[in-house]
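Undergrad: Provided herewith: run.csv, CSV, C-alpha atoms and all ligand atoms.
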```csv
chain,number,residue,atom,x,y,z
A,3,MET,CA,169.2,6.8,-144.4
A,4,SER,CA,165.8,5.2,-145.0
A,5,HIS,CA,163.3,3.5,-142.8
A,6,LEU,CA,162.2,0.1,-144.2
A,7,LEU,CA,159.1,-1.7,-143.1
A,8,ILE,CA,159.7,-5.5,-143.5
A,9,THR,CA,156.7,-7.7,-143.2
A,10,GLY,CA,157.3,-11.3,-142.1
A,11,GLY,CA,160.8,-10.4,-140.9
A,12,ALA,CA,160.8,-13.0,-138.1
A,13,GLY,CA,160.6,-15.9,-140.6
A,14,PHE,CA,163.3,-17.6,-142.5
A,15,ILE,CA,164.1,-15.3,-145.5
A,16,GLY,CA,162.8,-12.2,-143.8
A,17,SER,CA,165.2,-12.5,-140.9
A,18,ASN,CA,168.1,-13.2,-143.2
A,19,PHE,CA,167.1,-10.1,-145.2
A,20,VAL,CA,166.8,-7.9,-142.0
A,21,ARG,CA,170.4,-8.9,-141.0
A,22,HIS,CA,171.6,-8.3,-144.6
A,23,VAL,CA,170.1,-4.8,-144.6
A,24,LEU,CA,171.5,-3.9,-141.2
A,25,ARG,CA,174.9,-5.1,-142.3
A,26,GLU,CA,175.0,-3.7,-145.8
A,27,THR,CA,173.2,-0.3,-145.4
A,28,ASP,CA,172.6,2.4,-142.8
A,29,HIS,CA,168.8,1.9,-143.1
A,30,ARG,CA,166.5,1.6,-140.0
A,31,VAL,CA,164.2,-1.4,-140.0
A,32,THR,CA,160.8,-2.1,-138.5
A,33,VAL,CA,159.6,-5.7,-138.7
A,34,LEU,CA,155.8,-6.4,-138.7
A,35,ASP,CA,155.2,-10.1,-138.0
A,36,ARG,CA,152.3,-12.0,-136.5
A,37,MET,CA,154.8,-14.4,-134.9
A,38,THR,CA,153.0,-17.5,-136.2
A,39,TYR,CA,154.4,-21.0,-135.7
A,40,ALA,CA,156.9,-20.2,-138.5
A,41,ALA,CA,158.4,-17.2,-136.8
A,42,ASN,CA,161.2,-17.2,-134.2
A,43,GLU,CA,162.2,-14.2,-132.2
A,44,ALA,CA,165.6,-15.8,-131.7
A,45,SER,CA,166.3,-15.3,-135.4
A,46,LEU,CA,166.4,-11.5,-134.7
A,47,ALA,CA,168.4,-11.7,-131.5
A,48,GLY,CA,171.2,-9.2,-130.9
A,49,LEU,CA,170.2,-6.6,-133.4
A,50,ASP,CA,171.0,-2.9,-132.7
A,51,PRO,CA,167.9,-1.5,-130.9
A,52,GLN,CA,168.7,2.0,-132.4
A,53,ARG,CA,168.1,0.6,-135.9
A,54,PHE,CA,165.7,-2.2,-135.4
A,55,GLU,CA,162.2,-2.7,-133.9
A,56,LEU,CA,159.8,-5.7,-133.9
A,57,VAL,CA,156.1,-5.0,-134.0
A,58,VAL,CA,153.9,-8.0,-133.4
A,59,GLY,CA,150.8,-7.8,-135.6
A,60,ASP,CA,148.9,-9.1,-138.6
A,61,VAL,CA,149.4,-7.8,-142.2
A,62,ALA,CA,145.7,-8.1,-142.6
A,63,ASP,CA,145.0,-5.7,-139.8
A,64,ALA,CA,144.4,-2.4,-141.7
A,65,GLU,CA,144.9,-0.1,-138.8
A,66,VAL,CA,148.2,-1.5,-137.7
A,67,VAL,CA,149.5,-1.7,-141.3
A,68,ASP,CA,148.4,1.9,-142.0
A,69,ASP,CA,150.3,3.4,-139.0
A,70,LEU,CA,153.5,1.5,-139.9
A,71,VAL,CA,153.3,2.2,-143.6
A,72,ARG,CA,152.8,5.9,-142.9
A,73,ALA,CA,156.1,6.0,-141.0
A,74,ALA,CA,158.1,4.1,-143.6
A,75,ASP,CA,160.0,5.1,-146.7
A,76,ALA,CA,159.6,1.7,-148.3
A,77,VAL,CA,157.9,-1.6,-147.6
A,78,VAL,CA,159.4,-5.1,-148.4
A,79,HIS,CA,156.6,-7.7,-148.1
A,80,PHE,CA,157.8,-11.2,-147.1
A,81,ALA,CA,154.9,-12.1,-144.8
A,82,ALA,CA,153.1,-15.2,-146.0
A,83,GLU,CA,152.0,-18.7,-145.1
A,84,SER,CA,154.8,-20.5,-147.0
A,85,HIS,CA,154.5,-24.3,-146.6
A,86,ASN,CA,152.8,-26.3,-149.4
A,87,ASP,CA,152.1,-29.3,-147.1
A,88,ASN,CA,150.2,-27.1,-144.6
A,89,SER,CA,148.2,-25.5,-147.4
A,90,LEU,CA,146.9,-29.0,-148.3
A,91,ASN,CA,145.7,-29.6,-144.8
A,92,ASP,CA,144.1,-26.1,-144.2
A,93,PRO,CA,144.1,-23.5,-147.0
A,94,TRP,CA,142.4,-20.8,-145.0
A,95,PRO,CA,145.4,-19.1,-143.4
A,96,PHE,CA,147.0,-18.9,-146.9
A,97,VAL,CA,143.9,-17.1,-148.2
A,98,HIS,CA,143.9,-14.8,-145.2
A,99,THR,CA,147.6,-13.8,-145.1
A,100,ASN,CA,148.7,-14.2,-148.7
A,101,LEU,CA,145.6,-12.6,-150.3
A,102,ILE,CA,143.9,-10.4,-147.8
A,103,GLY,CA,147.2,-9.5,-146.1
A,104,THR,CA,148.8,-8.4,-149.4
A,105,TYR,CA,145.6,-6.5,-150.3
A,106,THR,CA,145.8,-4.7,-147.0
A,107,VAL,CA,149.4,-3.7,-147.4
A,108,LEU,CA,148.7,-2.6,-151.0
A,109,GLU,CA,145.9,-0.3,-149.9
A,110,ALA,CA,148.2,1.3,-147.3
A,111,VAL,CA,151.1,1.9,-149.8
A,112,ARG,CA,148.6,3.3,-152.2
A,113,ARG,CA,147.3,5.8,-149.6
A,114,HIS,CA,150.7,6.9,-148.5
A,115,ARG,CA,152.5,6.6,-151.9
A,116,THR,CA,155.1,4.4,-150.5
A,117,ARG,CA,157.6,2.4,-152.5
A,118,PHE,CA,156.7,-1.4,-152.3
A,119,HIS,CA,158.5,-4.6,-153.1
A,120,HIS,CA,156.6,-7.9,-153.1
A,121,VAL,CA,158.5,-11.1,-152.5
A,122,SER,CA,157.1,-14.0,-154.4
A,123,THR,CA,158.0,-17.5,-155.6
A,124,ASP,CA,158.7,-19.4,-158.8
A,125,GLU,CA,155.8,-21.8,-157.9
A,126,VAL,CA,153.4,-19.3,-159.5
A,127,PHE,CA,154.4,-20.7,-162.9
A,128,GLY,CA,153.5,-24.3,-162.0
A,129,ASP,CA,155.9,-27.1,-162.9
A,130,LEU,CA,158.1,-28.2,-165.8
A,131,GLN,CA,158.8,-31.7,-167.2
A,132,LEU,CA,162.2,-33.1,-166.2
A,133,ASP,CA,163.4,-33.0,-169.8
A,134,ASP,CA,161.9,-29.6,-170.8
A,135,PRO,CA,164.8,-27.5,-172.1
A,136,GLN,CA,162.9,-24.3,-171.1
A,137,ARG,CA,163.1,-22.6,-167.7
A,138,PHE,CA,160.8,-20.0,-166.2
A,139,THR,CA,161.2,-16.5,-167.5
A,140,GLU,CA,159.3,-13.2,-166.9
A,141,GLU,CA,157.0,-14.2,-169.8
A,142,THR,CA,156.0,-17.7,-168.5
A,143,PRO,CA,152.2,-17.8,-167.9
A,144,TYR,CA,151.0,-18.3,-164.4
A,145,ASN,CA,149.8,-21.9,-163.7
A,146,PRO,CA,150.0,-22.6,-159.9
A,147,SER,CA,149.2,-26.0,-158.5
A,148,SER,CA,148.7,-25.8,-154.7
A,149,PRO,CA,146.6,-23.7,-152.4
A,150,TYR,CA,149.9,-22.1,-151.3
A,151,SER,CA,151.1,-21.2,-154.8
A,152,SER,CA,147.7,-20.2,-156.1
A,153,THR,CA,147.4,-17.6,-153.2
A,154,LYS,CA,150.9,-16.4,-154.0
A,155,ALA,CA,149.9,-16.1,-157.7
A,156,GLY,CA,146.8,-14.2,-156.7
A,157,SER,CA,148.9,-11.8,-154.5
A,158,ASP,CA,151.2,-11.1,-157.5
A,159,LEU,CA,148.2,-10.3,-159.7
A,160,LEU,CA,146.9,-7.9,-157.0
A,161,VAL,CA,150.3,-6.1,-157.0
A,162,ARG,CA,150.3,-5.8,-160.8
A,163,ALA,CA,146.7,-4.5,-160.8
A,164,TRP,CA,147.6,-1.9,-158.1
A,165,VAL,CA,150.5,-0.8,-160.2
A,166,ARG,CA,148.4,-0.4,-163.4
A,167,SER,CA,145.2,0.9,-161.9
A,168,PHE,CA,146.5,3.1,-159.1
A,169,GLY,CA,150.1,3.9,-160.0
A,170,VAL,CA,151.5,2.2,-157.0
A,171,GLU,CA,155.3,2.2,-157.2
A,172,ALA,CA,155.9,-1.5,-156.8
A,173,THR,CA,158.4,-4.2,-157.9
A,174,LEU,CA,158.0,-8.0,-157.7
A,175,SER,CA,160.4,-10.8,-157.5
A,176,ASN,CA,159.8,-14.5,-158.0
A,177,CYS,CA,162.6,-16.6,-156.5
A,178,SER,CA,163.4,-20.3,-156.4
A,179,ASN,CA,163.9,-22.6,-153.4
A,180,ASN,CA,165.9,-21.0,-150.6
A,181,TYR,CA,168.2,-22.8,-148.1
A,182,GLY,CA,170.4,-21.5,-145.3
A,183,PRO,CA,170.3,-20.7,-141.6
A,184,TYR,CA,167.0,-19.9,-139.7
A,185,GLN,CA,164.8,-22.1,-142.0
A,186,HIS,CA,161.9,-23.8,-140.1
A,187,VAL,CA,162.4,-27.6,-139.6
A,188,GLU,CA,159.2,-28.4,-141.5
A,189,LYS,CA,161.1,-27.6,-144.8
A,190,PHE,CA,163.0,-30.3,-146.8
A,191,ILE,CA,166.6,-29.4,-146.1
A,192,PRO,CA,166.4,-28.5,-142.4
A,193,ARG,CA,164.0,-31.4,-141.8
A,194,GLN,CA,166.5,-33.9,-143.0
A,195,ILE,CA,169.5,-32.3,-141.3
A,196,THR,CA,167.7,-32.1,-138.0
A,197,ASN,CA,166.3,-35.7,-138.4
A,198,VAL,CA,169.9,-37.0,-138.6
A,199,LEU,CA,171.0,-34.8,-135.6
A,200,TRP,CA,167.9,-35.9,-133.7
A,201,GLY,CA,168.5,-39.6,-134.3
A,202,VAL,CA,165.6,-40.4,-136.8
A,203,ARG,CA,165.8,-41.4,-140.4
A,204,PRO,CA,165.3,-38.7,-143.1
A,205,LYS,CA,162.1,-38.8,-145.1
A,206,LEU,CA,161.9,-38.6,-148.9
A,207,TYR,CA,158.6,-38.0,-150.6
A,208,GLY,CA,158.0,-40.7,-153.4
A,209,GLU,CA,161.1,-41.6,-155.4
A,210,GLY,CA,162.8,-38.2,-154.9
A,211,ARG,CA,162.9,-37.4,-158.7
A,212,ASN,CA,161.3,-33.9,-158.1
A,213,VAL,CA,163.8,-31.1,-159.0
A,214,ARG,CA,164.1,-27.9,-157.1
A,215,ASP,CA,166.4,-24.9,-158.0
A,216,TRP,CA,168.3,-24.1,-154.9
A,217,ILE,CA,169.6,-20.6,-153.9
A,218,HIS,CA,171.1,-19.5,-150.6
A,219,ALA,CA,168.9,-17.1,-148.6
A,220,GLU,CA,171.9,-14.6,-148.4
A,221,ASP,CA,171.9,-14.4,-152.3
A,222,HIS,CA,168.1,-13.9,-152.3
A,223,SER,CA,168.5,-11.1,-149.8
A,224,ALA,CA,171.1,-9.3,-151.9
A,225,ALA,CA,168.9,-9.6,-154.9
A,226,VAL,CA,165.9,-8.1,-153.1
A,227,LEU,CA,167.9,-5.2,-151.8
A,228,ARG,CA,169.3,-4.6,-155.3
A,229,ILE,CA,165.8,-4.6,-156.8
A,230,LEU,CA,164.6,-2.2,-154.1
A,231,GLU,CA,167.4,0.2,-154.9
A,232,ALA,CA,167.6,-0.1,-158.7
A,233,GLY,CA,164.5,-2.0,-159.9
A,234,ALA,CA,162.1,-0.3,-162.3
A,235,PRO,CA,158.6,0.2,-160.9
A,236,GLY,CA,156.1,-2.2,-162.3
A,237,ARG,CA,158.7,-4.8,-163.2
A,238,THR,CA,159.0,-8.4,-162.2
A,239,TYR,CA,162.4,-9.9,-161.6
A,240,LEU,CA,163.2,-13.6,-161.6
A,241,VAL,CA,165.8,-14.6,-159.0
A,242,GLY,CA,167.7,-17.9,-159.2
A,243,ALA,CA,171.2,-19.3,-159.0
A,244,ASP,CA,171.2,-22.2,-161.5
A,245,GLY,CA,170.9,-24.7,-158.7
A,246,GLU,CA,168.7,-27.4,-160.1
A,247,LEU,CA,169.0,-30.7,-158.2
A,248,ASP,CA,166.6,-33.6,-157.6
A,249,ASN,CA,165.6,-34.3,-154.0
A,250,LEU,CA,167.3,-37.7,-153.9
A,251,THR,CA,170.6,-36.1,-154.8
A,252,VAL,CA,170.2,-33.4,-152.2
A,253,LEU,CA,169.3,-35.9,-149.5
A,254,ARG,CA,172.2,-38.2,-150.3
A,255,THR,CA,174.5,-35.2,-150.2
A,256,ILE,CA,173.2,-34.3,-146.7
A,257,LEU,CA,173.8,-37.8,-145.5
A,258,ARG,CA,177.3,-37.9,-146.9
A,259,LEU,CA,178.2,-34.5,-145.4
A,260,MET,CA,176.9,-35.8,-142.1
A,261,GLY,CA,179.0,-39.0,-142.3
A,262,ARG,CA,176.0,-41.3,-142.8
A,263,ASP,CA,175.3,-44.1,-145.3
A,264,GLU,CA,173.7,-42.5,-148.4
A,265,ASN,CA,170.8,-45.0,-148.3
A,266,ASP,CA,170.0,-44.5,-144.6
A,267,PHE,CA,166.5,-42.8,-145.2
A,268,ASP,CA,162.8,-43.8,-145.6
A,269,HIS,CA,160.6,-43.3,-148.6
A,270,VAL,CA,157.3,-41.9,-147.4
A,271,ARG,CA,153.9,-41.0,-148.9
A,272,ASP,CA,154.3,-38.4,-151.8
A,273,ARG,CA,152.8,-34.9,-151.6
A,274,ALA,CA,149.4,-34.6,-153.3
A,275,GLY,CA,149.7,-32.8,-156.6
A,276,HIS,CA,153.5,-32.7,-156.1
A,277,ASP,CA,155.1,-30.2,-158.6
A,278,LEU,CA,157.8,-32.1,-160.6
A,279,ARG,CA,160.4,-29.5,-161.4
A,280,TYR,CA,161.1,-25.7,-161.0
A,281,ALA,CA,163.8,-23.9,-162.9
A,282,ILE,CA,164.5,-20.2,-163.0
A,283,ASP,CA,166.2,-18.3,-165.9
A,284,GLY,CA,167.4,-15.3,-164.1
A,285,THR,CA,169.5,-13.9,-167.0
A,286,ARG,CA,167.5,-10.7,-167.3
A,287,THR,CA,167.8,-9.8,-163.6
A,288,ARG,CA,171.5,-10.4,-163.7
A,289,GLU,CA,172.1,-8.4,-166.8
A,290,GLU,CA,169.8,-5.4,-165.9
A,291,LEU,CA,170.7,-5.1,-162.2
A,292,GLY,CA,174.3,-6.5,-162.1
A,293,TRP,CA,173.3,-8.9,-159.3
A,294,GLU,CA,175.2,-12.2,-159.1
A,295,PRO,CA,174.8,-15.1,-156.6
A,296,CYS,CA,177.9,-15.6,-154.3
A,297,TYR,CA,177.0,-19.2,-153.2
A,298,THR,CA,177.7,-20.9,-156.5
A,299,ASP,CA,179.0,-24.1,-154.9
A,300,PHE,CA,175.8,-25.8,-153.5
A,301,GLU,CA,177.7,-28.5,-151.6
A,302,SER,CA,179.7,-26.0,-149.6
A,303,GLY,CA,176.6,-23.8,-148.9
A,304,LEU,CA,174.8,-27.0,-147.8
A,305,GLY,CA,177.8,-28.0,-145.6
A,306,ALA,CA,177.7,-24.6,-143.9
A,307,THR,CA,174.0,-25.0,-143.3
A,308,VAL,CA,174.5,-28.5,-141.8
A,309,SER,CA,177.1,-26.9,-139.4
A,310,TRP,CA,174.6,-24.1,-138.5
A,311,TYR,CA,171.9,-26.5,-137.5
A,312,ALA,CA,174.4,-28.7,-135.5
A,313,GLU,CA,175.6,-25.5,-133.6
A,314,HIS,CA,172.1,-24.1,-133.0
A,315,ARG,CA,170.1,-26.9,-131.5
A,316,ASP,CA,168.5,-24.4,-129.1
A,317,TRP,CA,167.0,-22.6,-132.1
A,318,TRP,CA,165.2,-25.6,-133.6
A,319,GLU,CA,164.9,-28.3,-131.0
A,320,PRO,CA,161.9,-26.7,-129.2
A,321,VAL,CA,159.7,-27.1,-132.3
A,322,LYS,CA,161.1,-30.4,-133.7
A,323,ALA,CA,158.9,-32.9,-131.9
A,324,ALA,CA,155.6,-31.1,-132.8
A,325,THR,CA,156.7,-30.7,-136.4
A,326,GLU,CA,157.5,-34.5,-136.7
A,327,ALA,CA,154.2,-35.4,-134.9
A,328,LYS,CA,152.3,-33.5,-137.6
A,329,TYR,CA,154.2,-35.3,-140.4
A,330,ALA,CA,153.7,-38.7,-138.7
A,331,GLU,CA,149.9,-38.1,-138.6
A,332,ALA,CA,150.0,-37.5,-142.4
A,333,GLY,CA,152.1,-40.6,-143.0
A,334,GLN,CA,155.1,-38.5,-144.0
A,401,LIG,P1,158.4,-18.4,-143.4
A,401,LIG,O1,157.2,-19.2,-143.3
A,401,LIG,O2,159.7,-18.9,-142.8
A,401,LIG,O3,158.1,-16.9,-142.8
A,401,LIG,C1,156.9,-16.2,-142.9
A,401,LIG,C2,156.8,-15.2,-141.9
A,401,LIG,O4,155.6,-14.4,-142.1
A,401,LIG,C3,156.8,-15.7,-140.4
A,401,LIG,O5,157.6,-15.0,-139.6
A,401,LIG,C4,155.3,-15.5,-140.1
A,401,LIG,O6,155.1,-15.3,-138.7
A,401,LIG,C5,155.0,-14.3,-140.8
A,401,LIG,N1,153.5,-14.2,-141.1
A,401,LIG,C6,152.7,-15.1,-141.5
A,401,LIG,N2,151.4,-14.7,-141.5
A,401,LIG,C7,151.5,-13.4,-141.1
A,401,LIG,C8,150.5,-12.3,-141.0
A,401,LIG,N3,149.2,-12.6,-141.2
A,401,LIG,N4,150.9,-11.1,-140.6
A,401,LIG,C9,152.2,-10.9,-140.3
A,401,LIG,N5,153.2,-11.8,-140.4
A,401,LIG,C10,152.8,-13.0,-140.8
A,401,LIG,O7,158.5,-18.1,-144.9
A,401,LIG,P2,159.9,-17.8,-145.8
A,401,LIG,O8,160.3,-19.1,-146.4
A,401,LIG,O9,160.8,-17.0,-145.1
A,401,LIG,O10,159.2,-17.0,-147.1
A,401,LIG,C11,159.1,-15.6,-147.0
A,401,LIG,C12,158.5,-15.1,-148.3
A,401,LIG,O11,159.3,-15.5,-149.4
A,401,LIG,C13,157.1,-15.6,-148.6
A,401,LIG,O12,156.4,-14.6,-149.2
A,401,LIG,C14,157.4,-16.8,-149.6
A,401,LIG,O13,156.3,-16.9,-150.4
A,401,LIG,C15,158.6,-16.2,-150.4
A,401,LIG,N6,159.5,-17.2,-151.0
A,401,LIG,C16,160.0,-18.2,-150.2
A,401,LIG,C17,160.9,-19.1,-150.8
A,401,LIG,C18,161.5,-20.3,-150.0
A,401,LIG,O14,162.2,-21.1,-150.6
A,401,LIG,N7,161.3,-20.3,-148.7
A,401,LIG,C19,161.2,-18.9,-152.2
A,401,LIG,C20,160.7,-17.9,-152.9
A,401,LIG,C21,159.8,-17.0,-152.3
A,402,LIG,O1,160.1,-22.7,-155.1
A,402,LIG,C1,160.0,-21.8,-154.0
A,402,LIG,C2,159.2,-22.5,-152.9
A,402,LIG,O2,160.1,-23.4,-152.3
A,402,LIG,C3,158.7,-21.5,-151.9
A,402,LIG,O3,157.7,-20.7,-152.5
A,402,LIG,C4,158.0,-22.2,-150.7
A,402,LIG,O4,157.7,-21.2,-149.7
A,402,LIG,C5,159.1,-23.1,-150.1
A,402,LIG,O5,158.5,-23.8,-149.0
A,402,LIG,C6,159.6,-24.1,-151.1
A,402,LIG,O6,158.5,-25.0,-151.6
A,402,LIG,P1,158.7,-26.5,-151.8
A,402,LIG,O7,157.4,-27.2,-151.6
A,402,LIG,O8,159.5,-26.8,-153.0
A,402,LIG,O9,159.7,-26.8,-150.5
A,402,LIG,P2,159.8,-28.0,-149.4
A,402,LIG,O10,161.0,-27.7,-148.6
A,402,LIG,O11,158.5,-28.2,-148.7
A,402,LIG,O12,160.1,-29.3,-150.3
A,402,LIG,C7,161.1,-29.3,-151.2
A,402,LIG,C8,161.1,-30.7,-151.9
A,402,LIG,O13,161.3,-31.7,-151.0
A,402,LIG,C9,159.7,-30.9,-152.5
A,402,LIG,O14,159.8,-31.6,-153.8
A,402,LIG,C10,159.0,-31.9,-151.5
A,402,LIG,C11,160.2,-32.7,-151.0
A,402,LIG,N1,160.2,-33.1,-149.5
A,402,LIG,C12,159.8,-32.2,-148.6
A,402,LIG,C13,159.8,-32.5,-147.3
A,402,LIG,C14,159.4,-31.6,-146.2
A,402,LIG,C15,160.6,-34.4,-149.2
A,402,LIG,O15,161.0,-35.2,-150.1
A,402,LIG,N2,160.6,-34.7,-147.9
A,402,LIG,C16,160.2,-33.9,-146.9
A,402,LIG,O16,160.2,-34.3,-145.7
```
I need this file expressed as C-alpha cells, please.
Ligand code: NAD
Ligand code: DAU
TA:
Amino acid sequence: MSHLLITGGAGFIGSNFVRHVLRETDHRVTVLDRMTYAANEASLAGLDPQRFELVVGDVADAEVVDDLVRAADAVVHFAAESHNDNSLNDPWPFVHTNLIGTYTVLEAVRRHRTRFHHVSTDEVFGDLQLDDPQRFTEETPYNPSSPYSSTKAGSDLLVRAWVRSFGVEATLSNCSNNYGPYQHVEKFIPRQITNVLWGVRPKLYGEGRNVRDWIHAEDHSAAVLRILEAGAPGRTYLVGADGELDNLTVLRTILRLMGRDENDFDHVRDRAGHDLRYAIDGTRTREELGWEPCYTDFESGLGATVSWYAEHRDWWEPVKAATEAKYAEAGQ
C-alpha cells in the first residue's frame, strides 16, 4: 500500500481522481487543497477516514508542502487555477498557483526524492485550424495563448527542467477537455446544463465553431493512475479520447437531451483570443501503457452528466447566482 499526496483534490478532476484511487487501489490519500472558489468539500463527502484526509493549505506554502511531501510515497499535482475566462480578468492567481505552486512542490519532491506526476493540459500547444489534418502529439511545440495556458506551459517546463537538472522522478500528462460530475458551473458543459435547470437560456460564445476534444473525467483519472504506476520517468503522455466536437453541436445535444428546442440559447460576446480547436493524438499513450477510454459514446456520457446535475442541485446551486453575475458583468 502506498500513500499518495494529491494536490487540488477538492476540485473537479482531482476529486474524481481521489474517488478513483480509493475504489481501484488500496492506497491511502492525503489531499492538499487551498479550497478556493473552485473547490467543494462536498465533492469528497463520505470517503473512508481511515484512508483519506483533507489538509487545507496552499501549494505555494513551502513549509506545508515539505511536511506533506516528506510523508508521501508519491505526489499527483492537480492544483491549479484552471479557468481561461478568469485568467483574462486577473492573471495573478494563475502565476501564483500554476508557476510558484508547481515550483514549490518540485523543490519538495527534489529534496525528498519523491515520485511526482504533473497533470497538465493540451492548451499548452496552442490551437489548430479547423481543417488541419494534424492533431497534437508529444512532439508538438508549445505555443500557449492565454494567461492560463501560458502558466500551465511554464509549469510543464519547470517539471522538465527539474527532471533533467536534478534527476527528479517525474512524469507529465497533457489531457484534453474533461466533462463529468463535480465540475464547477463556470465551465461550458455544466454552465449550460445548470442554466437550463435554473430557468435561464444557455450562452454560446461567438458562433460556436470552436472545437474541443472531450474526455470523461473518469477516463482521465484511469490514465493518470496508469501513468503513475507504469509511466517512464521524464516522459510526457498525451491523454485524449477522440472526442472532437464543436461547441454548437455540444450545446444542441444538451438541449435535446434536456427536452428543449435546439435553438433555445443566446449568442454572447466571444472570449478574447479564443483558441479555435484542440485535438489530441493519444496513440502513443494507448500503445505504451495499454490504457483505453471507457466512455467512448459522448452522448451517453453527456446524458449521465445531465442526470448528475439534475440530481445534485444542492452541490451546484449555492454558487450558481454568483457565477452568472460575474459572467453578466463581462457581457457573457
Ligand atoms: P478545478 O479548478 O476544478 O480544481 C482546481 C483545484 O485546485 C481546486 O480544488 C482549488 O481549490 C485547488 N487550488 C487552486 N489553487 C490552489 C493552491 N494555491 N493551493 C492548493 N490548492 C489550490 O480544476 P480542474 O478542472 O479539476 O483541473 C485540475 C488540473 O487538471 C489542473 O492542473 C488543470 O490544468 C488540469 N487539466 C484540466 C482539464 C479540464 O478539462 N478541466 C483538462 C486537462 C488538464
Ligand atoms: O483543453 C483542456 C482545458 O479545457 C483545460 O486545461 C481547462 O482547465 C478547462 O477549463 C478547459 O478549457 P476551455 O477554455 O476549453 O473550457 P471551457 O469550459 O471554459 O470552454 C469550453 C468551450 O466553450 C470554449 O470554446 C469556450 C466555450 N464557452 C464556454 C463557456 C463557459 C461557451 O461557448 N460558453 C460558455 O458559457
Undergrad: Could you work out an axis-aligned box for ligand LIG 401 (chain A), taking every atom the file lists and adding 8 Å on each side, and report centre and edge lengths in Å to one decimal, as AutoDock Vina command-line options?
TA:
```
--center_x 155.7 --center_y -16.0 --center_z -145.8 --size_x 29.0 --size_y 26.2 --size_z 30.2
```
Undergrad: Determine, using all atoms listed in the file, which residues of chain A have any atom at most 9 Å from an atom of ligand LIG 402 (chain A), and tabulate each with its shortest atom pair and distance in Å to one decimal place, rows ordered by chain and then rising number, as CSV.
TA:
```
residue,atom,partner,partner_atom,distance
A:Ala82,CA,A:LIG402,O4,8.4
A:Glu83,CA,A:LIG402,O4,7.7
A:Ser84,CA,A:LIG402,O4,4.0
A:His85,CA,A:LIG402,O5,4.7
A:Asn86,CA,A:LIG402,O7,5.2
A:Asp87,CA,A:LIG402,O11,6.7
A:Ser122,CA,A:LIG402,O3,7.0
A:Thr123,CA,A:LIG402,O3,4.5
A:Asp124,CA,A:LIG402,O1,5.2
A:Glu125,CA,A:LIG402,O1,5.2
A:Val126,CA,A:LIG402,O3,8.3
A:Tyr150,CA,A:LIG402,O4,8.0
A:Ser151,CA,A:LIG402,O3,7.0
A:Lys154,CA,A:LIG402,O3,8.2
A:Asn176,CA,A:LIG402,C1,8.3
A:Cys177,CA,A:LIG402,C1,6.3
A:Ser178,CA,A:LIG402,O1,4.3
A:Asn179,CA,A:LIG402,C1,4.0
A:Asn180,CA,A:LIG402,O2,6.5
A:Tyr181,CA,A:LIG402,O10,8.7
A:Val187,CA,A:LIG402,C14,8.3
A:Glu188,CA,A:LIG402,C14,5.7
A:Lys189,CA,A:LIG402,O10,3.8
A:Phe190,CA,A:LIG402,O10,3.7
A:Ile191,CA,A:LIG402,O10,6.4
A:Pro192,CA,A:LIG402,O10,8.3
A:Arg193,CA,A:LIG402,O16,6.2
A:Gln194,CA,A:LIG402,O16,6.9
A:Pro204,CA,A:LIG402,O16,7.2
A:Lys205,CA,A:LIG402,O16,4.9
A:Leu206,CA,A:LIG402,O15,3.7
A:Tyr207,CA,A:LIG402,O15,3.7
A:Gly208,CA,A:LIG402,O15,7.1
A:Glu209,CA,A:LIG402,O15,8.3
A:Gly210,CA,A:LIG402,O15,5.9
A:Arg211,CA,A:LIG402,O14,8.2
A:Asn212,CA,A:LIG402,O14,5.1
A:Val213,CA,A:LIG402,O14,6.6
A:Arg214,CA,A:LIG402,O8,6.3
A:Asp215,CA,A:LIG402,O1,7.3
A:Trp216,CA,A:LIG402,O1,8.3
A:Asp248,CA,A:LIG402,O14,8.0
A:Asn249,CA,A:LIG402,O13,5.9
A:Leu250,CA,A:LIG402,O15,7.8
A:Leu253,CA,A:LIG402,O15,8.4
A:His269,CA,A:LIG402,O15,8.2
A:Val270,CA,A:LIG402,N2,7.9
A:Asp272,CA,A:LIG402,O15,7.6
A:Arg273,CA,A:LIG402,C10,6.9
A:His276,CA,A:LIG402,O14,6.8
A:Asp277,CA,A:LIG402,O14,6.9
A:Leu278,CA,A:LIG402,O14,7.1
A:Arg279,CA,A:LIG402,O14,7.9
A:Tyr280,CA,A:LIG402,O1,6.7
A:Ala281,CA,A:LIG402,O1,8.7
A:Tyr329,CA,A:LIG402,O16,8.1
A:Gln334,CA,A:LIG402,O16,6.8
```
Undergrad: Could you state the separation of CA of Asp266 in chain A and CA of Thr325 in chain A in Å, given to one decimal place?
TA: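 These two atoms are separated by 20.8 Å.
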Undergrad: Find the residues around range 237-247 of chain A up to 10 Å (all atoms listed in the file counted), leave out those fewer than 5 positions away in its own chain, and share them as number ranges by chain.
TA: A: 119-124, 138-141, 158, 162, 165, 171-180, 211-218, 221-222, 225-226, 229, 252, 279-288, 290-291, 293-300
Undergrad: Within 10 Å of (150.6, 5.3, -148.4) in the file's own coordinates, which protein, DNA or RNA residues have an atom, counting only C-alpha atoms? List them as a ChimeraX atom specification.
TA: /A:68-76,107-118,170
Undergrad: Name the closest residue to Ser157 in chain A among the candidates A:Tyr184, A:Trp200, A:Phe80, A:Phe14; distances are taken between atoms, counting all atoms listed in the file.
TA: A:Phe80
Undergrad: Just the number, please: distance in Å from CA of Glu313 in chain A to CA of Val198 in chain A, one decimal.
TA: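 Going from CA of Glu313 in chain A over to CA of Val198 in chain A, I get 13.8 Å.
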Undergrad: Do a neighbour search on Val31 in chain A at 12 Å with only C-alpha atoms, toss out local chain neighbours closer than 4 positions, and write the hits as a count of residues only.
TA: 35
Undergrad: Figure out the distance between CA of Ala219 in chain A and atom C19 of ligand LIG 401 (chain A), please, to one decimal in Å.
TA: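 Computed distance, atom C19 of ligand LIG 401 (chain A) to CA of Ala219 in chain A, equals 8.7 Å.
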Undergrad: Please provide as a short mmCIF file (atom, residue, chain, number, x, y, z; two decimals) with C-alpha atoms, keeping the file's coordinate frame all residues within 9 Å of Met260 in chain A, with the sequence filter that same-chain residues fewer than 2 positions apart are discarded (counting only C-alpha atoms).
TA:
```cif
data_model
loop_
_atom_site.label_atom_id
_atom_site.label_comp_id
_atom_site.auth_asym_id
_atom_site.auth_seq_id
_atom_site.Cartn_x
_atom_site.Cartn_y
_atom_site.Cartn_z
CA ILE A 195 169.50 -32.30 -141.30
CA VAL A 198 169.90 -37.00 -138.60
CA LEU A 199 171.00 -34.80 -135.60
CA THR A 255 174.50 -35.20 -150.20
CA ILE A 256 173.20 -34.30 -146.70
CA LEU A 257 173.80 -37.80 -145.50
CA ARG A 258 177.30 -37.90 -146.90
CA ARG A 262 176.00 -41.30 -142.80
CA GLY A 305 177.80 -28.00 -145.60
CA VAL A 308 174.50 -28.50 -141.80
#
```
